[in-house]
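> So here's model.cif, just mmCIF, C-alpha atoms:
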data_target
loop_
_atom_site.label_atom_id
_atom_site.label_comp_id
_atom_site.auth_asym_id
_atom_site.auth_seq_id
_atom_site.Cartn_x
_atom_site.Cartn_y
_atom_site.Cartn_z
CA MET V 335 84.58 133.38 42.14
CA THR V 336 81.97 135.54 43.88
CA PRO V 337 79.04 133.38 45.07
CA THR V 338 75.97 133.76 42.86
CA THR V 339 73.82 134.79 45.80
CA ASP V 340 76.21 137.65 46.58
CA ARG V 341 75.97 138.82 42.99
CA TYR V 342 72.16 138.91 43.03
CA ASP V 343 71.47 142.47 44.12
CA PRO V 344 68.02 143.28 42.69
CA LEU V 345 68.87 147.00 42.57
CA ALA V 346 72.26 146.64 40.86
CA GLU V 347 72.50 148.14 37.38
CA ASP V 348 73.37 144.86 35.64
CA ILE V 349 70.45 143.06 37.32
CA LEU V 350 68.03 145.85 36.48
CA ARG V 351 69.18 145.66 32.88
CA ASP V 352 68.92 141.86 32.61
CA PRO V 353 68.27 139.67 35.67
CA TYR V 354 67.73 136.46 33.75
CA PRO V 355 71.31 135.09 33.40
CA VAL V 356 71.99 135.31 37.15
CA LEU V 357 68.54 133.91 37.95
CA ALA V 358 69.25 130.98 35.62
CA GLU V 359 72.51 130.28 37.51
CA LEU V 360 70.66 130.40 40.80
CA ARG V 361 67.93 128.10 39.54
CA ARG V 362 70.58 125.60 38.44
CA TRP V 363 72.97 125.70 41.41
CA GLU V 364 71.10 127.27 44.36
CA PRO V 365 67.39 127.07 43.56
CA VAL V 366 66.47 127.96 47.16
CA PHE V 367 68.84 130.47 48.76
CA TRP V 368 68.94 132.89 51.66
CA HIS V 369 69.13 136.54 50.60
CA PRO V 370 70.47 138.74 53.43
CA GLY V 371 69.24 141.99 51.87
CA MET V 372 65.66 140.76 51.61
CA GLU V 373 65.99 138.75 54.84
CA SER V 374 64.14 135.98 53.05
CA TRP V 375 64.50 132.63 51.42
CA ALA V 376 64.23 133.13 47.66
CA LEU V 377 62.78 130.54 45.28
CA THR V 378 63.76 130.33 41.63
CA ARG V 379 61.98 127.18 40.42
CA TYR V 380 58.43 127.20 39.09
CA ALA V 381 57.25 124.15 41.02
CA ASP V 382 58.55 125.47 44.35
CA SER V 383 56.95 128.85 43.74
CA VAL V 384 53.55 127.40 42.86
CA ARG V 385 53.69 125.12 45.90
CA VAL V 386 54.18 128.10 48.23
CA LEU V 387 51.49 130.19 46.53
CA ARG V 388 48.99 127.34 46.69
CA ASP V 389 49.57 126.25 50.29
CA HIS V 390 47.76 128.93 52.31
CA ALA V 391 47.82 126.81 55.44
CA ALA V 392 51.63 126.66 55.50
CA PHE V 393 52.50 130.05 53.97
CA ALA V 394 50.76 133.24 55.03
CA ARG V 395 50.26 136.48 53.16
CA ASP V 396 48.69 138.00 56.29
CA PRO V 397 51.46 138.82 58.81
CA ARG V 398 48.97 138.68 61.67
CA ARG V 399 48.87 134.90 61.35
CA THR V 400 52.46 134.74 62.57
CA GLY V 401 52.27 137.44 65.23
CA GLY V 402 52.84 140.48 63.01
CA THR V 403 50.69 143.57 62.54
CA VAL V 404 49.11 145.30 59.56
CA PRO V 405 48.40 149.07 59.60
CA GLU V 406 44.72 149.82 59.04
CA PRO V 407 45.30 151.56 55.67
CA SER V 408 46.94 148.37 54.39
CA LEU V 409 44.06 146.03 55.23
CA SER V 410 42.73 144.89 51.86
CA VAL V 411 41.81 141.86 49.78
CA GLN V 412 45.52 141.33 49.12
CA THR V 413 46.32 141.21 52.85
CA LEU V 414 43.89 138.48 53.82
CA ASP V 415 44.37 134.76 53.32
CA PRO V 416 41.64 132.26 52.45
CA PRO V 417 39.07 131.60 53.76
CA GLN V 418 38.86 135.07 55.40
CA GLN V 419 39.67 136.67 52.05
CA SER V 420 36.91 134.93 50.12
CA ARG V 421 34.03 137.33 50.80
CA VAL V 422 35.91 140.49 49.79
CA ARG V 423 37.55 138.93 46.74
CA SER V 424 34.26 137.41 45.59
CA LEU V 425 32.64 140.85 45.81
CA PHE V 426 35.24 142.37 43.48
CA MET V 427 35.37 139.39 41.11
CA THR V 428 31.57 139.38 40.75
CA ALA V 429 31.63 143.10 39.96
CA LEU V 430 34.49 142.56 37.50
CA ARG V 431 32.59 139.88 35.59
CA ALA V 432 29.65 142.25 35.24
CA GLN V 433 31.72 144.84 33.36
CA ASP V 434 31.82 145.13 29.57
CA LEU V 435 35.49 144.27 29.08
CA ASP V 436 35.15 144.24 25.28
CA ALA V 437 34.03 147.88 25.39
CA ILE V 438 36.93 148.78 27.72
CA GLU V 439 39.37 147.11 25.33
CA TYR V 440 37.83 148.91 22.35
CA ARG V 441 38.15 152.31 24.05
CA ALA V 442 41.73 151.50 25.04
CA ARG V 443 42.55 150.64 21.43
CA LEU V 444 41.10 153.95 20.26
CA LEU V 445 43.16 155.81 22.85
CA VAL V 446 46.39 154.13 21.71
CA ARG V 447 45.56 154.87 18.08
CA GLU V 448 45.02 158.53 18.90
CA ARG V 449 48.31 158.68 20.80
CA LEU V 450 50.16 157.03 17.92
CA ASP V 451 48.56 159.36 15.36
CA SER V 452 49.78 162.38 17.34
CA LEU V 453 53.30 160.92 17.74
CA ALA V 454 53.83 159.68 14.17
CA GLY V 455 56.34 161.83 12.30
CA ALA V 456 56.98 164.05 15.34
CA GLY V 457 60.40 162.63 16.23
CA ALA V 458 61.49 160.58 19.21
CA PHE V 459 59.18 160.22 22.19
CA ASP V 460 59.11 158.41 25.53
CA VAL V 461 56.91 155.30 25.43
CA VAL V 462 56.38 155.41 29.20
CA ALA V 463 55.16 159.01 29.41
CA GLU V 464 53.32 159.16 26.10
CA ILE V 465 51.70 155.72 25.89
CA ALA V 466 52.11 153.54 29.00
CA VAL V 467 50.99 156.08 31.62
CA PRO V 468 47.94 157.44 29.70
CA LEU V 469 46.84 153.93 28.72
CA ALA V 470 47.15 152.52 32.25
CA VAL V 471 45.33 155.45 33.91
CA ALA V 472 42.55 155.36 31.32
CA VAL V 473 41.96 151.60 31.44
CA VAL V 474 41.88 151.30 35.23
CA ALA V 475 39.70 154.42 35.62
CA ASP V 476 37.38 153.11 32.89
CA LEU V 477 37.04 149.79 34.69
CA LEU V 478 36.31 151.36 38.07
CA GLY V 479 34.04 154.05 36.62
CA VAL V 480 35.93 157.06 38.01
CA GLU V 481 37.35 160.27 36.59
CA PRO V 482 40.98 159.65 35.54
CA PRO V 483 43.40 161.69 37.69
CA PRO V 484 45.93 163.95 35.90
CA TYR V 485 48.58 161.72 34.34
CA GLU V 486 51.75 163.37 35.64
CA GLU V 487 50.36 163.98 39.12
CA TYR V 488 49.22 160.42 39.56
CA ALA V 489 52.42 158.99 38.05
CA ALA V 490 54.43 160.70 40.80
CA VAL V 491 52.15 159.30 43.54
CA SER V 492 52.26 155.80 42.07
CA ASP V 493 56.02 155.94 41.64
CA ALA V 494 56.52 156.70 45.36
CA ILE V 495 54.21 153.81 46.34
CA MET V 496 55.90 151.41 43.95
CA ARG V 497 59.40 152.32 45.17
CA SER V 498 58.32 151.84 48.80
CA MET V 499 57.74 148.15 48.02
CA ASP V 500 61.53 147.89 48.16
CA GLY V 501 61.68 149.45 51.63
CA GLY V 502 63.42 146.34 52.98
CA LEU V 503 66.32 147.02 50.62
CA ASP V 504 66.25 150.81 51.05
CA PRO V 505 64.47 152.10 54.21
CA ALA V 506 64.54 155.69 52.88
CA LEU V 507 61.75 154.73 50.48
CA VAL V 508 59.24 153.86 53.22
CA GLU V 509 58.12 157.32 54.36
CA PRO V 510 57.57 158.80 50.86
CA GLY V 511 55.50 155.72 50.09
CA ARG V 512 53.41 156.18 53.23
CA LEU V 513 52.65 159.79 52.30
CA ALA V 514 51.77 158.78 48.74
CA ARG V 515 49.36 156.11 49.99
CA HIS V 516 47.69 158.78 52.11
CA GLN V 517 47.25 160.94 48.99
CA LEU V 518 45.81 158.03 47.09
CA SER V 519 43.47 157.20 49.98
CA ASP V 520 42.11 160.76 49.82
CA LEU V 521 41.44 160.29 46.10
CA VAL V 522 39.63 157.00 46.71
CA ASP V 523 37.59 158.60 49.52
CA SER V 524 36.37 161.18 47.00
CA TRP V 525 35.15 158.37 44.72
CA PHE V 526 33.11 156.84 47.52
CA THR V 527 31.49 160.16 48.48
CA ALA V 528 30.74 161.30 44.90
CA SER V 529 27.68 160.26 42.95
CA PRO V 530 28.34 156.77 41.56
CA ARG V 531 29.13 156.36 37.87
CA PRO V 532 28.70 153.10 35.93
CA GLY V 533 31.61 150.79 36.59
CA LEU V 534 33.05 148.24 38.96
CA LEU V 535 33.21 150.62 41.91
CA ALA V 536 29.53 151.50 41.68
CA GLN V 537 28.59 147.84 41.75
CA VAL V 538 30.87 147.13 44.72
CA ARG V 539 29.38 150.08 46.60
CA GLN V 540 25.88 148.83 45.85
CA SER V 541 26.76 145.32 47.03
CA THR V 542 28.17 146.49 50.35
CA GLY V 543 25.40 148.99 51.01
CA PRO V 544 25.00 151.45 53.89
CA ASP V 545 24.26 148.69 56.37
CA ALA V 546 27.63 146.99 55.96
CA ASP V 547 29.79 146.98 59.07
CA ALA V 548 32.75 149.35 59.36
CA SER V 549 35.25 146.54 58.83
CA ALA V 550 33.66 145.51 55.53
CA ARG V 551 33.61 149.10 54.28
CA LEU V 552 37.26 149.52 55.26
CA TYR V 553 38.35 146.43 53.33
CA VAL V 554 36.31 147.43 50.29
CA LYS V 555 37.69 150.97 50.22
CA ASN V 556 41.28 149.85 50.75
CA SER V 557 40.87 147.12 48.13
CA ALA V 558 39.64 149.72 45.62
CA ARG V 559 42.78 151.74 46.32
CA VAL V 560 45.00 148.67 45.91
CA MET V 561 43.21 147.74 42.69
CA PHE V 562 43.70 151.20 41.19
CA GLN V 563 47.33 151.48 42.22
CA GLY V 564 48.21 147.88 41.47
CA GLY V 565 46.40 147.91 38.14
CA TYR V 566 48.01 151.17 37.09
CA SER V 567 51.59 150.36 38.14
CA THR V 568 51.48 146.82 36.77
CA MET V 569 50.04 147.89 33.43
CA THR V 570 52.46 150.80 33.05
CA ALA V 571 55.38 148.46 33.68
CA ALA V 572 53.93 145.74 31.45
CA VAL V 573 53.46 148.17 28.54
CA GLY V 574 57.06 149.36 28.74
CA ASN V 575 58.42 145.82 28.96
CA ALA V 576 56.18 144.59 26.14
CA VAL V 577 57.17 147.43 23.79
CA HIS V 578 60.85 146.89 24.60
CA THR V 579 60.51 143.16 23.85
CA LEU V 580 58.76 143.89 20.54
CA LEU V 581 61.45 146.41 19.59
CA THR V 582 64.23 143.92 20.30
CA HIS V 583 62.57 140.99 18.49
CA PRO V 584 62.31 141.91 14.78
CA GLY V 585 59.21 140.56 13.14
CA ALA V 586 57.28 139.94 16.38
CA LEU V 587 54.96 142.92 15.88
CA GLU V 588 54.17 141.78 12.35
CA GLN V 589 53.38 138.26 13.60
CA VAL V 590 50.78 139.45 16.11
CA GLN V 591 48.79 141.03 13.29
CA ASP V 592 47.42 137.49 13.06
CA PRO V 593 44.38 137.56 15.41
CA ALA V 594 45.10 133.98 16.43
CA LEU V 595 48.49 135.05 17.81
CA LEU V 596 47.33 138.21 19.55
CA ALA V 597 45.98 136.63 22.75
CA THR V 598 48.74 134.04 23.17
CA GLY V 599 51.34 136.61 22.12
CA VAL V 600 50.29 139.11 24.78
CA ASP V 601 50.46 136.41 27.45
CA GLU V 602 53.91 135.39 26.22
CA LEU V 603 55.15 138.98 26.43
CA VAL V 604 54.24 138.99 30.13
CA ARG V 605 55.93 135.63 30.74
CA PHE V 606 59.05 136.65 28.85
CA ASP V 607 59.65 139.93 30.70
CA GLY V 608 56.89 140.49 33.22
CA PRO V 609 56.29 143.50 35.46
CA VAL V 610 56.01 141.87 38.91
CA GLN V 611 59.28 140.20 39.92
CA GLY V 612 58.03 138.29 42.94
CA THR V 613 55.91 138.18 46.06
CA THR V 614 56.43 137.30 49.73
CA ARG V 615 54.91 134.75 52.07
CA ILE V 616 55.66 133.89 55.71
CA ALA V 617 56.17 130.28 56.81
CA VAL V 618 53.47 129.45 59.34
CA ARG V 619 55.31 126.34 60.43
CA ALA V 620 58.70 124.71 59.83
CA CYS V 621 58.96 122.96 56.47
CA ARG V 622 61.35 121.93 53.71
CA ILE V 623 61.49 123.52 50.27
CA GLY V 624 63.88 122.18 47.67
CA GLY V 625 65.92 120.39 50.31
CA ILE V 626 66.23 123.51 52.48
CA ASP V 627 64.83 123.74 56.03
CA VAL V 628 62.64 126.82 56.45
CA GLU V 629 61.81 127.86 60.00
CA ALA V 630 58.42 129.07 61.17
CA GLY V 631 58.21 132.85 60.87
CA GLN V 632 60.80 133.12 58.10
CA ARG V 633 59.90 134.94 54.90
CA VAL V 634 59.87 133.23 51.52
CA VAL V 635 60.04 135.18 48.25
CA THR V 636 58.82 133.50 45.07
CA LEU V 637 60.85 135.04 42.25
CA PHE V 638 58.38 135.14 39.36
CA ALA V 639 61.07 136.35 36.97
CA ALA V 640 63.04 133.15 37.59
CA ALA V 641 60.04 130.81 37.71
CA ASN V 642 58.76 132.12 34.38
CA ARG V 643 62.05 131.12 32.70
CA ASP V 644 62.21 127.65 34.31
CA PRO V 645 62.91 125.08 31.56
CA ALA V 646 61.11 122.44 33.64
CA ALA V 647 57.88 124.38 33.12
CA PHE V 648 58.45 126.24 29.84
CA PRO V 649 60.20 124.69 26.80
CA ARG V 650 62.66 127.16 25.23
CA PRO V 651 62.19 129.50 28.20
CA ASP V 652 64.56 132.20 26.94
CA ASP V 653 62.84 132.44 23.55
CA LEU V 654 59.81 134.58 22.77
CA VAL V 655 57.27 131.97 21.56
CA LEU V 656 54.19 133.95 20.55
CA ASP V 657 51.97 130.88 20.12
CA ARG V 658 53.03 129.29 23.44
CA SER V 659 50.17 127.20 24.84
CA PRO V 660 49.58 126.33 27.58
CA ASN V 661 51.30 129.26 29.25
CA ARG V 662 50.67 129.08 33.00
CA HIS V 663 53.14 131.83 33.87
CA LEU V 664 53.20 133.71 37.16
CA GLY V 665 53.23 137.18 35.62
CA TYR V 666 50.01 138.13 37.41
CA GLY V 667 50.62 136.00 40.49
CA TRP V 668 48.72 132.81 41.28
CA GLY V 669 45.43 131.84 42.87
CA PRO V 670 43.46 134.00 45.33
CA HIS V 671 46.25 136.58 45.58
CA SER V 672 46.68 136.97 41.84
CA CYS V 673 45.86 140.35 40.35
CA ILE V 674 42.08 140.89 40.43
CA GLY V 675 42.31 142.87 37.22
CA THR V 676 44.25 140.26 35.23
CA THR V 677 41.62 140.10 32.47
CA VAL V 678 41.60 143.90 32.23
CA ALA V 679 45.40 144.03 32.06
CA GLN V 680 45.31 141.49 29.25
CA ALA V 681 42.69 143.59 27.45
CA GLY V 682 44.85 146.71 27.79
CA LEU V 683 47.91 144.92 26.42
CA ARG V 684 45.91 143.47 23.53
CA ALA V 685 44.69 146.97 22.70
CA LEU V 686 48.26 148.28 22.76
CA VAL V 687 49.77 145.53 20.62
CA ALA V 688 46.91 145.51 18.11
CA ALA V 689 47.09 149.30 17.69
CA LEU V 690 50.88 149.17 17.20
CA ALA V 691 50.61 146.31 14.70
CA GLU V 692 47.93 147.95 12.54
CA HIS V 693 49.22 151.54 12.60
CA PRO V 694 50.53 152.84 9.26
CA ALA V 695 53.75 154.04 10.93
CA ARG V 696 56.43 151.58 12.09
CA LEU V 697 57.67 151.67 15.69
CA GLU V 698 61.46 151.66 16.13
CA ALA V 699 63.83 152.20 19.04
CA ALA V 700 65.32 155.69 19.35
CA GLY V 701 67.98 154.92 21.95
CA ASP V 702 68.48 152.85 25.08
CA GLY V 703 65.79 152.81 27.73
CA VAL V 704 66.48 153.56 31.39
CA ARG V 705 65.28 150.96 33.86
CA ARG V 706 63.56 152.13 37.03
CA ARG V 707 65.58 151.33 40.16
CA THR V 708 62.97 149.07 41.72
CA ALA V 709 63.22 145.41 42.66
CA THR V 710 59.60 144.35 43.14
CA MET V 711 58.39 145.88 39.88
CA ARG V 712 60.44 145.58 36.68
CA ALA V 713 59.75 148.75 34.74
CA PHE V 714 61.24 151.46 32.60
CA ASP V 715 61.68 155.05 33.69
CA THR V 716 62.06 156.08 30.06
CA LEU V 717 61.95 154.15 26.79
CA PRO V 718 62.69 156.25 23.68
CA ALA V 719 61.06 155.26 20.40
CA VAL V 720 60.05 156.78 17.10
CA LEU V 721 57.26 156.15 14.59
CA LEU V 722 58.52 156.09 11.00
CA PRO V 723 56.80 155.56 7.62
CA ARG V 724 56.67 151.84 6.80
CA HIS V 725 58.12 152.33 3.31
CA ARG V 726 61.53 153.23 4.76
#
Before anything else, please render the file you have as structure tokens.


Amino acid sequence: MTPTTDRYDPLAEDILRDPYPVLAELRRWEPVFWHPGMESWALTRYADSVRVLRDHAAFARDPRRTGGTVPEPSLSVQTLDPPQQSRVRSLFMTALRAQDLDAIEYRARLLVRERLDSLAGAGAFDVVAEIAVPLAVAVVADLLGVEPPPYEEYAAVSDAIMRSMDGGLDPALVEPGRLARHQLSDLVDSWFTASPRPGLLAQVRQSTGPDADASARLYVKNSARVMFQGGYSTMTAAVGNAVHTLLTHPGALEQVQDPALLATGVDELVRFDGPVQGTTRIAVRACRIGGIDVEAGQRVVTLFAAANRDPAAFPRPDDLVLDRSPNRHLGYGWGPHSCIGTTVAQAGLRALVAALAEHPARLEAAGDGVRRRTATMRAFDTLPAVLLPRHR
């Protein structure tokens, strides 16, 4: 029989379609394994993953701590480790808490309603292009207080950046991603030179001020770019995955009409089939994880998709349990390197699910979706659906 680790190719069609059976085998028989393609140790258990994400002294996000380099455009809040990261992250988190997230969620719900109204009775449509992309662009732009870029144009830029995350598996993706990041950097530069509009970015700019040193301004600007791109790509993927899960679980959409189930249900959708499949750390010193010796300088990948289905952490892990609580999943990462916009992503998903649940038309699948050939982000390229009268 082919070894399980040889069968785990994150870009293979069967893994893109459903990675969870192979990940369950790995978690049971080889919970810590070396993956030649990723040139990393891969972790499948929840406890091991959380240990690595918590221990900043032993596992670095910043490659410079182990002798590596980081290009200047990539220096951001997500590059730094605590305590160096604290000042920049605190700046963004303080600005985030000052935003009216209820108003952002309300506007997002209106947008989804409008999209659904225009799609109802018009035949099959693509959930990604018609709902996920417009919703993600609108929510992240609303949060930052910037003019939303054209949907299709920005989707192409984001797609190139997202695919480049898998450059270790396919080096041909690296250069298109670099060019796309340059395009996005130009867009962010225009936000910092334009007159500020109310939003998170205006508050961050005010907090840094003209007297801030060049390094601080660089990290703030790059972090704004990362926040826009990361927020957009994660939400687009999360919307597609959430809609697919609702379509394949009859009755789930009706259940979340109960306001008490909406918040826990949205969190469970992310745990069940989340957008971000994992993240990488570098071992600062030699250590043991799950009985395996990890050498200093070796990379360690925490596979969120596997950890979020770990029966040691989540009872009935392969079931969609809409009232699951507590639900400490890793869908948005963990700790200081978790997604800054987690609360906004949750608001966007609540707006989506609530609008779908209350709309007079019923959402149904209109064919099989096509998964995007990306390993780091689990997303759909297309997801056909149709809105039909509920009396049918």

> Identify which of the residues V:Pro416, V:Gly665, V:Gly564, V:Gly371 lies closest to Ala641 of chain V, counting all atoms listed in the file when measuring atom-to-atom distances.

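Smallest separation from Ala641 of chain V among the options: V:Gly665.
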
> Which residues are near Glu464 of chain V? Cut-off 9 Å, all atoms listed in the file, ignore same chain within fewer than 4 positions. Put them as number ranges by chain.

V: 449, 453, 459-460, 468-469

> Taking C-alpha atoms for each residue, export the selection above as a compact mmCIF listing (two decimals), in the coordinates of the input.


# COMPACT_ATOMS: atom_id res chain seq x y z
CA ARG V 449 48.31 158.68 20.80
CA LEU V 453 53.30 160.92 17.74
CA PHE V 459 59.18 160.22 22.19
CA ASP V 460 59.11 158.41 25.53
CA PRO V 468 47.94 157.44 29.70
CA LEU V 469 46.84 153.93 28.72

> Go through V:Arg658, V:Arg643, V:Arg619, V:Arg395 and flag the residue nearest Val600 of chain V, using only C-alpha atoms for the distances.

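Of V:Arg658, V:Arg643, V:Arg619, V:Arg395, the one nearest Val600 of chain V is V:Arg658, counting only C-alpha atoms.
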
> Show me as a count of residues only the residues that reach within 8 Å of (52.9, 138.6, 15.5), counting all atoms listed in the file and using the file's own coordinates.

12

> Where does the PyMOL selection byres ((chain V and resi 375) around 8) land in this file, that is, which residues does it pick, as a list in words?

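Written out, the selection comes to Val366, Phe367, Trp368, His369, Glu373, Ser374, Ala376, Leu377, Val628, Gln632, Arg633, Val634 and Val635 of chain V.
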
> Check what the PyMOL selection byres ((chain V and resi 678) around 12) selects in the file above and give those residues as a ChimeraX atom specification.

/V:427,430-431,433-440,442,469-470,472-478,534,561-562,565-566,568-569,666,673-677,679-685

> Given the choices V:Ala528, V:Glu698, V:Tyr553, V:Met499, which gets closest to Leu425 of chain V if the distance is worked out from only C-alpha atoms?

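That would be V:Tyr553, the residue with the smallest distance to Leu425 of chain V.
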
> Measuring between all atoms listed in the file, which one of V:Ala597, V:Leu445, V:Ser524, V:Ala456 shows the shortest distance to Val471 of chain V?

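Closest to Val471 of chain V of all the choices is V:Leu445.
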
> Return the single residue from V:Pro670, V:Gly457, V:Pro505, V:Pro482 that is closest to Ala699 of chain V, with distances computed using all atoms listed in the file.

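Among the listed residues, V:Gly457 lies closest to Ala699 of chain V.
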
> Go through the shown structure with the PyMOL selection byres ((chain V and resi 723) around 12) and write out the matching residues as a VMD selection string.

chain V and resid 451 453 to 457 693 to 698 720 to 722 724 to 726

> Excluding Pro365 of chain V and residues on its chain fewer than 2 positions from it, collect all residues at most 12 Å away from it, counting only C-alpha atoms, and give them as a PyMOL selection string.

chain V and resi 338-339+356-363+367-369+375-383+623-626+635-637+640-641+644

> When you draw a straight line from atom CA of Val461 of chain V to atom CA of Gly574 of chain V, how long is it in Å?

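These two atoms are separated by 6.8 Å.
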
> Tell me, in Å to one decimal, how far atom CA of Ser659 of chain V is from atom CA of Gly608 of chain V.

17.1 Å

> Every residue with an atom at most 6 Å from (33.3, 154.4, 36.5) (file coordinates; all atoms listed in the file) is what I'm after, so could you write them as number ranges by chain?

V: 476, 478-480, 531-533

> Here is a test: counting only C-alpha atoms, which residue of V:Ala558, V:Gly501, V:Pro593, V:Leu581 is nearest to Leu409 of chain V?

V:Ala558

> What's the separation between atom CA of Ser541 of chain V and atom CA of Gly669 of chain V, in Å to one decimal place?

23.4 Å

> List the spatial neighbours of Gln563 of chain V as a VMD selection string - criterion: any atom at most 9 Å away, only C-alpha atoms, same-chain residues fewer than 6 positions off excluded.

chain V and resid 474 492 495 to 496 518

> Could you write those residues out with C-alpha atoms, as a PDB file, keeping the file's coordinate frame?


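Produced file out.pdb, reproduced below:
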ATOM      1  CA  VAL V 474      41.880 151.300  35.230  1.00  0.00           C
ATOM      2  CA  SER V 492      52.260 155.800  42.070  1.00  0.00           C
ATOM      3  CA  ILE V 495      54.210 153.810  46.340  1.00  0.00           C
ATOM      4  CA  MET V 496      55.900 151.410  43.950  1.00  0.00           C
ATOM      5  CA  LEU V 518      45.810 158.030  47.090  1.00  0.00           C
TER       6      LEU V 518
END
